[in-house]
Structure formats: structure tokens, C-alpha cells
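Engineer: Next comes final_25.tsv, TSV, C-alpha atoms:
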chain	number	residue	atom	x	y	z
A	1414	MET	CA	-192.23	-57.89	-66.59
A	1415	SER	CA	-191.34	-60.05	-69.60
A	1416	THR	CA	-188.37	-59.10	-71.77
A	1417	THR	CA	-187.60	-59.93	-75.38
A	1418	PRO	CA	-184.59	-62.06	-76.35
A	1419	VAL	CA	-182.83	-58.96	-77.71
A	1420	GLU	CA	-183.28	-57.09	-74.42
A	1421	ARG	CA	-182.02	-60.10	-72.45
A	1422	GLU	CA	-178.97	-60.30	-74.70
A	1423	VAL	CA	-178.25	-56.59	-74.22
A	1424	MET	CA	-178.62	-56.91	-70.45
A	1425	ARG	CA	-176.32	-59.92	-70.35
A	1426	ARG	CA	-173.73	-58.11	-72.45
A	1427	GLU	CA	-173.84	-55.03	-70.21
A	1428	GLU	CA	-173.34	-57.15	-67.12
A	1429	THR	CA	-170.30	-58.92	-68.54
A	1430	ARG	CA	-168.58	-55.73	-69.73
A	1431	GLU	CA	-166.99	-53.35	-67.27
A	1432	LEU	CA	-168.25	-49.80	-67.58
A	1433	LYS	CA	-165.69	-47.03	-67.27
A	1434	GLU	CA	-166.62	-43.51	-66.23
A	1435	ARG	CA	-165.03	-40.19	-66.99
A	1436	VAL	CA	-165.93	-36.90	-65.28
A	1437	VAL	CA	-166.02	-34.17	-67.92
A	1438	GLU	CA	-166.89	-31.16	-65.80
A	1439	ILE	CA	-167.77	-30.21	-62.23
A	1440	ASN	CA	-169.38	-26.82	-61.71
A	1441	ARG	CA	-170.42	-24.94	-58.58
A	1442	VAL	CA	-173.81	-23.27	-58.81
A	1443	ALA	CA	-175.67	-21.06	-56.35
A	1444	LYS	CA	-179.33	-20.59	-55.52
A	1445	VAL	CA	-180.38	-17.33	-53.91
A	1446	VAL	CA	-182.72	-17.87	-50.96
A	1447	LYS	CA	-184.04	-15.64	-48.21
A	1448	GLY	CA	-181.02	-16.15	-45.98
A	1449	GLY	CA	-178.41	-15.72	-48.70
A	1450	ARG	CA	-176.93	-18.10	-51.27
A	1451	ARG	CA	-177.14	-21.88	-51.21
A	1452	PHE	CA	-174.28	-23.53	-53.08
A	1453	SER	CA	-174.40	-26.91	-54.78
A	1454	PHE	CA	-172.37	-28.81	-57.37
A	1455	THR	CA	-173.22	-30.22	-60.78
A	1456	ALA	CA	-171.34	-33.05	-62.51
A	1457	LEU	CA	-171.23	-34.08	-66.17
A	1458	VAL	CA	-170.16	-37.70	-66.56
A	1459	VAL	CA	-169.66	-40.05	-69.52
A	1460	ILE	CA	-169.66	-43.84	-69.07
A	1461	GLY	CA	-168.97	-46.58	-71.61
A	1462	ASP	CA	-167.44	-50.00	-72.17
A	1463	GLU	CA	-164.93	-48.77	-74.84
A	1464	VAL	CA	-166.50	-51.22	-77.31
A	1465	ASP	CA	-169.78	-49.84	-78.64
A	1466	ARG	CA	-171.89	-48.70	-75.65
A	1467	VAL	CA	-171.79	-45.17	-74.22
A	1468	GLY	CA	-174.02	-42.89	-72.14
A	1469	LEU	CA	-174.09	-39.29	-70.91
A	1470	GLY	CA	-175.38	-38.24	-67.48
A	1471	TYR	CA	-175.88	-35.06	-65.47
A	1472	GLY	CA	-176.21	-34.84	-61.68
A	1473	LYS	CA	-176.61	-32.14	-59.08
A	1474	ALA	CA	-176.15	-32.31	-55.28
A	1475	ARG	CA	-174.80	-30.43	-52.29
A	1476	GLU	CA	-171.59	-32.52	-52.35
A	1477	VAL	CA	-169.32	-33.42	-55.26
A	1478	PRO	CA	-169.25	-37.22	-54.72
A	1479	LEU	CA	-173.03	-37.37	-54.53
A	1480	ALA	CA	-173.35	-35.26	-57.68
A	1481	ILE	CA	-171.02	-37.65	-59.56
A	1482	SER	CA	-172.97	-40.65	-58.28
A	1483	LYS	CA	-176.23	-39.14	-59.53
A	1484	ALA	CA	-174.64	-38.38	-62.90
A	1485	VAL	CA	-173.42	-41.97	-63.27
A	1486	ASP	CA	-176.91	-43.31	-62.51
A	1487	ASP	CA	-178.37	-40.93	-65.09
A	1488	ALA	CA	-175.78	-42.00	-67.69
A	1489	LYS	CA	-176.63	-45.68	-67.21
A	1490	LYS	CA	-180.26	-44.90	-68.09
A	1491	ASN	CA	-179.20	-43.13	-71.30
A	1492	MET	CA	-176.80	-45.70	-72.75
A	1493	PHE	CA	-176.98	-46.55	-76.46
A	1494	THR	CA	-175.04	-48.48	-79.10
A	1495	VAL	CA	-172.74	-46.63	-81.50
A	1496	PRO	CA	-172.92	-47.84	-85.15
A	1497	LYS	CA	-169.34	-48.41	-86.29
A	1498	HIS	CA	-167.44	-49.55	-89.35
A	1499	GLY	CA	-164.24	-51.11	-88.09
A	1500	THR	CA	-162.61	-48.54	-85.80
A	1501	THR	CA	-164.49	-45.51	-87.12
A	1502	ILE	CA	-168.10	-44.42	-87.71
A	1503	THR	CA	-170.20	-45.40	-90.70
A	1504	HIS	CA	-170.56	-41.98	-92.35
A	1505	GLU	CA	-170.13	-38.25	-91.82
A	1506	ILE	CA	-172.76	-36.42	-89.77
A	1507	ILE	CA	-173.35	-33.17	-87.89
A	1508	GLY	CA	-174.92	-33.49	-84.45
A	1509	ARG	CA	-177.07	-30.58	-83.25
A	1510	PHE	CA	-178.37	-29.65	-79.84
A	1511	GLY	CA	-179.35	-26.10	-78.93
A	1512	ALA	CA	-176.65	-23.75	-80.20
A	1513	ALA	CA	-174.06	-26.54	-80.41
A	1514	ARG	CA	-173.07	-28.24	-83.66
A	1515	VAL	CA	-170.45	-30.98	-83.75
A	1516	MET	CA	-169.18	-32.42	-87.03
A	1517	LEU	CA	-168.12	-36.07	-86.95
A	1518	ARG	CA	-166.19	-37.44	-89.93
A	1519	PRO	CA	-164.84	-40.99	-90.48
A	1520	ALA	CA	-161.07	-41.38	-90.62
A	1521	SER	CA	-158.68	-44.01	-91.92
A	1522	GLU	CA	-157.14	-46.54	-89.56
A	1523	GLY	CA	-154.29	-45.13	-87.53
A	1524	THR	CA	-155.59	-41.55	-87.48
A	1525	GLY	CA	-156.67	-41.62	-83.84
A	1526	VAL	CA	-159.34	-39.55	-82.11
A	1527	ILE	CA	-158.94	-35.95	-83.32
A	1528	ALA	CA	-161.25	-34.22	-80.86
A	1529	GLY	CA	-161.04	-32.10	-77.75
A	1530	GLY	CA	-162.71	-31.76	-74.39
A	1531	GLY	CA	-165.70	-33.86	-73.57
A	1532	VAL	CA	-166.24	-34.91	-77.20
A	1533	ARG	CA	-163.09	-37.04	-76.96
A	1534	ALA	CA	-164.42	-38.72	-73.82
A	1535	VAL	CA	-167.69	-39.69	-75.55
A	1536	LEU	CA	-165.92	-41.05	-78.63
A	1537	GLU	CA	-163.24	-43.00	-76.76
A	1538	LEU	CA	-165.66	-44.59	-74.29
A	1539	GLY	CA	-167.93	-45.41	-77.24
A	1540	GLY	CA	-165.20	-47.53	-78.83
A	1541	VAL	CA	-164.37	-45.17	-81.71
A	1542	ARG	CA	-160.62	-45.21	-82.38
A	1543	ASP	CA	-160.27	-43.22	-85.63
A	1544	ILE	CA	-162.40	-40.12	-86.18
A	1545	LEU	CA	-162.23	-36.41	-86.96
A	1546	ALA	CA	-164.43	-34.11	-84.85
A	1547	LYS	CA	-164.92	-30.35	-84.97
A	1548	SER	CA	-167.15	-28.03	-82.92
A	1549	LEU	CA	-168.99	-25.55	-85.16
A	1550	GLY	CA	-171.14	-23.77	-82.57
A	1551	THR	CA	-171.10	-22.96	-78.89
A	1552	THR	CA	-168.38	-24.23	-76.59
A	1553	ASN	CA	-170.76	-24.99	-73.73
A	1554	PRO	CA	-169.64	-28.48	-72.61
A	1555	ILE	CA	-173.15	-29.74	-71.81
A	1556	ASN	CA	-174.57	-28.77	-75.21
A	1557	MET	CA	-171.44	-29.98	-77.04
A	1558	LEU	CA	-171.68	-33.43	-75.49
A	1559	LYS	CA	-175.41	-33.66	-76.11
A	1560	ALA	CA	-174.84	-32.65	-79.75
A	1561	THR	CA	-172.19	-35.38	-80.04
A	1562	VAL	CA	-174.58	-37.95	-78.58
A	1563	GLU	CA	-177.35	-36.86	-80.97
A	1564	GLY	CA	-174.95	-37.23	-83.90
A	1565	LEU	CA	-173.90	-40.73	-82.86
A	1566	LYS	CA	-177.53	-41.76	-82.34
A	1567	SER	CA	-178.40	-40.52	-85.85
A	1568	LEU	CA	-175.78	-42.75	-87.52
A	1569	ARG	CA	-177.16	-45.52	-89.73
A	1570	ARG	CA	-175.64	-48.79	-90.81
A	1571	PRO	CA	-175.55	-49.86	-94.48
A	1572	GLU	CA	-177.78	-52.83	-93.62
A	1573	GLU	CA	-180.48	-50.51	-92.24
A	1574	VAL	CA	-180.40	-48.24	-95.31
A	1575	ALA	CA	-180.52	-51.23	-97.67
A	1576	ALA	CA	-183.51	-52.74	-95.84
A	1577	ALA	CA	-185.40	-49.43	-95.90
A	1578	ARG	CA	-184.83	-48.97	-99.64
A	1579	GLY	CA	-185.36	-52.60	-100.59
A	1580	LEU	CA	-181.87	-52.91	-102.05
A	1581	THR	CA	-178.77	-54.95	-101.34
A	1582	VAL	CA	-175.91	-53.65	-99.22
A	1583	SER	CA	-173.59	-53.37	-102.25
A	1584	GLN	CA	-176.13	-51.16	-104.05
A	1585	VAL	CA	-176.26	-48.55	-101.27
A	1586	LEU	CA	-172.49	-48.40	-100.76
A	1587	PRO	CA	-170.39	-45.86	-102.71
A	1588	ALA	CA	-168.94	-46.99	-106.02
A	1589	GLY	CA	-165.44	-47.37	-104.60
A	1590	ALA	CA	-166.65	-49.41	-101.63
A	1591	LYS	CA	-168.39	-52.21	-103.53
A	1592	PRO	CA	-167.24	-55.72	-102.69
A	1593	GLU	CA	-164.55	-57.06	-104.97
A	1594	GLU	CA	-166.35	-60.31	-105.66
A	1595	GLU	CA	-169.18	-58.48	-107.43
A	1596	GLN	CA	-166.92	-56.75	-109.92
A	1597	PRO	CA	-166.92	-58.49	-113.33
A	1598	GLU	CA	-163.72	-60.33	-114.06
A	1599	PRO	CA	-161.96	-59.50	-117.34
A	1600	VAL	CA	-162.59	-62.12	-120.02
A	1601	ALA	CA	-159.45	-63.45	-121.66
A	1602	GLU	CA	-159.45	-63.16	-125.42
A	1603	ALA	CA	-159.45	-66.47	-127.24
A	1604	ALA	CA	-156.18	-67.14	-129.01
A	1605	GLU	CA	-156.39	-67.52	-132.77
A	1606	PRO	CA	-155.95	-71.15	-133.86
A	1607	VAL	CA	-152.69	-71.89	-135.61
A	1608	ALA	CA	-153.31	-73.31	-139.08
A	1609	GLU	CA	-151.71	-76.71	-139.49
A	1610	ALA	CA	-149.90	-77.51	-142.69
A	1611	SER	CA	-151.72	-79.94	-145.00
A	1612	PRO	CA	-150.08	-83.25	-146.02
A	1613	ASP	CA	-149.71	-82.09	-149.65
A	1614	GLU	CA	-147.80	-78.95	-148.63
A	1615	SER	CA	-145.49	-80.98	-146.38
A	1616	GLN	CA	-144.75	-83.42	-149.23
A	1617	GLU	CA	-144.02	-80.54	-151.62
A	1618	THR	CA	-141.63	-79.03	-149.09
A	1619	GLU	CA	-139.78	-82.33	-148.61
A	1620	SER	CA	-139.54	-82.90	-152.38
A	1621	GLY	CA	-138.15	-79.39	-152.86
A	1622	GLU	CA	-135.48	-80.01	-150.23
A	1623	ASP	CA	-134.50	-83.31	-151.93
A	1624	GLN	CA	-134.13	-81.58	-155.30
A	1625	ASP	CA	-131.91	-78.90	-153.79
A	1626	GLN	CA	-129.68	-81.54	-152.23
A	1627	ALA	CA	-129.48	-83.48	-155.54
A	1628	SER	CA	-128.55	-80.41	-157.57
A	1629	SER	CA	-125.82	-79.49	-155.13
Take the structure I supplied and represent it as C-alpha cells, if you would.
Structural biologist:
Amino acid sequence: MSTTPVEREVMRREETRELKERVVEINRVAKVVKGGRRFSFTALVVIGDEVDRVGLGYGKAREVPLAISKAVDDAKKNMFTVPKHGTTITHEIIGRFGAARVMLRPASEGTGVIAGGGVRAVLELGGVRDILAKSLGTTNPINMLKATVEGLKSLRRPEEVAAARGLTVSQVLPAGAKPEEEQPEPVAEAAEPVAEASPDESQETESGEDQDQASS
């Protein structure tokens, strides 16, 4: 199967970067059968390279290690790139999934990741270093993480918005965020020319000084 240059570049980048995994939750579930209950385990795992790639996976098996392995394989299939502006996200957004709503808001450099639970794991493994996050709906970890992922996937870069609207990047940015080089420079006022004294006036002044000296 042939691949495009962009896909080959993404594959090469994923191979060179080391993916880190973080287990968010392990839960024991039971299935009622004729002979009684059959127990198994579910695992919710987040993987990412702590730069800009992150993925969420869910696995289920009779043993915990196998459930985690299945979740990691599922997360690798669902990896995506997080649009970022420096160490934070590009704009504020609310991610929704089911009854979960997670608000993500950009933060200034040095703020850190203000989030809890599995949301912090998604943001940190996605390379976001400064962000404010708040859960506005259910506290179910699976839905919260999926809402966070949906919010990050819905982020847009200024270049994408400018291309869709047919404008330049500086025109779609807020007024305070416009590049400095495009602001008009203040024009210095021209100084008024100093009138030079004419030769006749200078001669009259010298003759007046001579008369004053003679009279004294």
C-alpha cells in the first residue's frame, strides 16, 4: 500500500520518539453466566511522546497485564497531534462526550498543568505544559478523558482559520496579538526651520555696536 510523504514523515517521527504510557484506571467487572459470575479487568491507558502526540485506549481481559497491553494497542491506533501555541493550547474550548464536559483554557508560561485525574495525564503526555482545565459534568473517568480528547481534536491553528477565511494570520488574531512589525511606526514631526539673519541685519547690528562703543 502506497503512503503519502506526510504519512511517511509522521511514521518516521513516531518511530524516533519514545512513547510513554500512563495507566489511568483499572476496574474489575463481572459477567453473570449460568454457573455464577465471571470476573475480568478493564484498563484505561494514555500514551504520548510528551511533545505533541497523544492517544487514549481501552482494553479488557481476564488478567490485568493483558488488559493493559490491549489498551496500549488501542491507544496507538487513536493517536493524534495536539495543536499548540508555545507551551499551551491555541484557544479556549469545551470538550464534550456523553454527560462529560471539560473546559480547557490557555494559560501563561509558568502556570503549569492545572488539572486533575486522567485529564492531567492526557495533557502532560500531549506536551501541554501550561493550561487550566475544569470538569463541568460527570466525573466518570472514561467519559472525562474522551471529552478531553474531543476538545483537543477540535482545536484549530491560526493558519488553518486564516486559510479557511481567505485572510492573513495577523487578521484573524486578536487585536492585542498582532505582530509588532505590522503596527504603524509614529512619524516624527518635522522641525521648523530656523530663519537665518540676512546680511543687512547683521551689518546694522555691527554698526550699532560700534556706535555704542564710540559713545562710551
Engineer: Excluding stretch 1563-1574 of chain A and its own-chain neighbours fewer than 6 positions away, which residues fall within 10 Å of it when counting only C-alpha atoms? Please give them as number ranges by chain.
Structural biologist: A: 1467, 1493-1498, 1502-1510, 1514-1517, 1535-1536, 1539, 1557, 1580-1586
Engineer: Smallest atom-to-atom distance to A:Val1562: which of A:Gly1468, A:Gly1550, A:Gly1529, A:Pro1519, using all atoms listed in the file?
Structural biologist: A:Gly1468
Engineer: Quick one, how far is atom CA of A:Gly1530 from atom CA of A:Val1458?
Structural biologist: 12.3 Å
Engineer: Can you tell me how far atom CA of A:Pro1554 sits from atom CA of A:Gly1461, in Å to one decimal?
Structural biologist: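 Going from atom CA of A:Pro1554 over to atom CA of A:Gly1461 covers 18.1 Å.
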Engineer: Enter the distance from atom CA of A:Thr1500 to atom CA of A:Val1532, in Å, rounded to one decimal.
Structural biologist: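 Atom-to-atom, atom CA of A:Thr1500 and atom CA of A:Val1532 are spaced 16.5 Å apart.
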Engineer: Show which residues sit within 10 Å of A:Asp1462, as a CSV table (one decimal) with C-alpha atoms, keeping the file's coordinate frame. Count all atoms listed in the file, and ignore same-chain residues fewer than 3 positions away.
Structural biologist:
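Listed below is the output, around21.csv:
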chain,number,residue,atom,x,y,z
A,1427,GLU,CA,-173.8,-55.0,-70.2
A,1430,ARG,CA,-168.6,-55.7,-69.7
A,1431,GLU,CA,-167.0,-53.4,-67.3
A,1432,LEU,CA,-168.2,-49.8,-67.6
A,1433,LYS,CA,-165.7,-47.0,-67.3
A,1434,GLU,CA,-166.6,-43.5,-66.2
A,1465,ASP,CA,-169.8,-49.8,-78.6
A,1466,ARG,CA,-171.9,-48.7,-75.6
A,1467,VAL,CA,-171.8,-45.2,-74.2
A,1468,GLY,CA,-174.0,-42.9,-72.1
A,1537,GLU,CA,-163.2,-43.0,-76.8
A,1538,LEU,CA,-165.7,-44.6,-74.3
A,1539,GLY,CA,-167.9,-45.4,-77.2
A,1540,GLY,CA,-165.2,-47.5,-78.8
Engineer: Report as JSON, numbers by chain all protein, DNA and RNA residues lying within 8 Å of A:Arg1435, evaluated on all atoms listed in the file, omitting residues in the same chain fewer than 3 positions from it.
Structural biologist: {"A": [1458, 1459, 1460, 1534]}
Engineer: Looking at all atoms listed in the file, which of A:Asn1440, A:Lys1447, A:Ala1577, A:Gly1511 is the one that sits closest to A:Val1477?
Structural biologist: A:Asn1440
Engineer: Counting only C-alpha atoms, which of A:Leu1479, A:Lys1559, A:Glu1422, A:Val1446 gets nearest to A:Ala1512?
Structural biologist: A:Lys1559
Engineer: Using only C-alpha atoms, find the one residue out of A:Ala1484, A:Ala1443, A:Met1492, A:Ala1528 that sits nearest to A:Ile1544.
Structural biologist: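 Checking each of A:Ala1484, A:Ala1443, A:Met1492, A:Ala1528 against A:Ile1544, counting only C-alpha atoms, the winner is A:Ala1528.
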Engineer: Got a sec: who's within 12 Å of A:Ala1480, counting all atoms listed in the file, leaving out chain neighbours fewer than 2 positions off, as a list of chain:residue names?
Structural biologist: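 In the requested form, the answer reads A:Val1436, A:Glu1438, A:Ile1439, A:Asn1440, A:Arg1441, A:Ser1453, A:Phe1454, A:Thr1455, A:Ala1456, A:Leu1457, A:Val1458, A:Gly1470, A:Tyr1471, A:Gly1472, A:Lys1473, A:Ala1474, A:Arg1475, A:Glu1476, A:Val1477, A:Pro1478, A:Ser1482, A:Lys1483, A:Ala1484, A:Val1485, A:Asp1486, A:Asp1487.
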Engineer: Can you pull out the residues contacting A:Val1526? Cut-off 7 Å, using all atoms listed in the file, and skip same-chain residues under 6 positions away; I want them as an mmCIF file with C-alpha atoms, in the coordinates of the input.
Structural biologist:
data_model
loop_
_atom_site.group_PDB
_atom_site.id
_atom_site.type_symbol
_atom_site.label_atom_id
_atom_site.label_comp_id
_atom_site.auth_asym_id
_atom_site.auth_seq_id
_atom_site.Cartn_x
_atom_site.Cartn_y
_atom_site.Cartn_z
ATOM 1 C CA ARG A 1533 -163.090 -37.040 -76.960
ATOM 2 C CA ARG A 1542 -160.620 -45.210 -82.380
ATOM 3 C CA ASP A 1543 -160.270 -43.220 -85.630
ATOM 4 C CA ILE A 1544 -162.400 -40.120 -86.180
ATOM 5 C CA LEU A 1545 -162.230 -36.410 -86.960
#
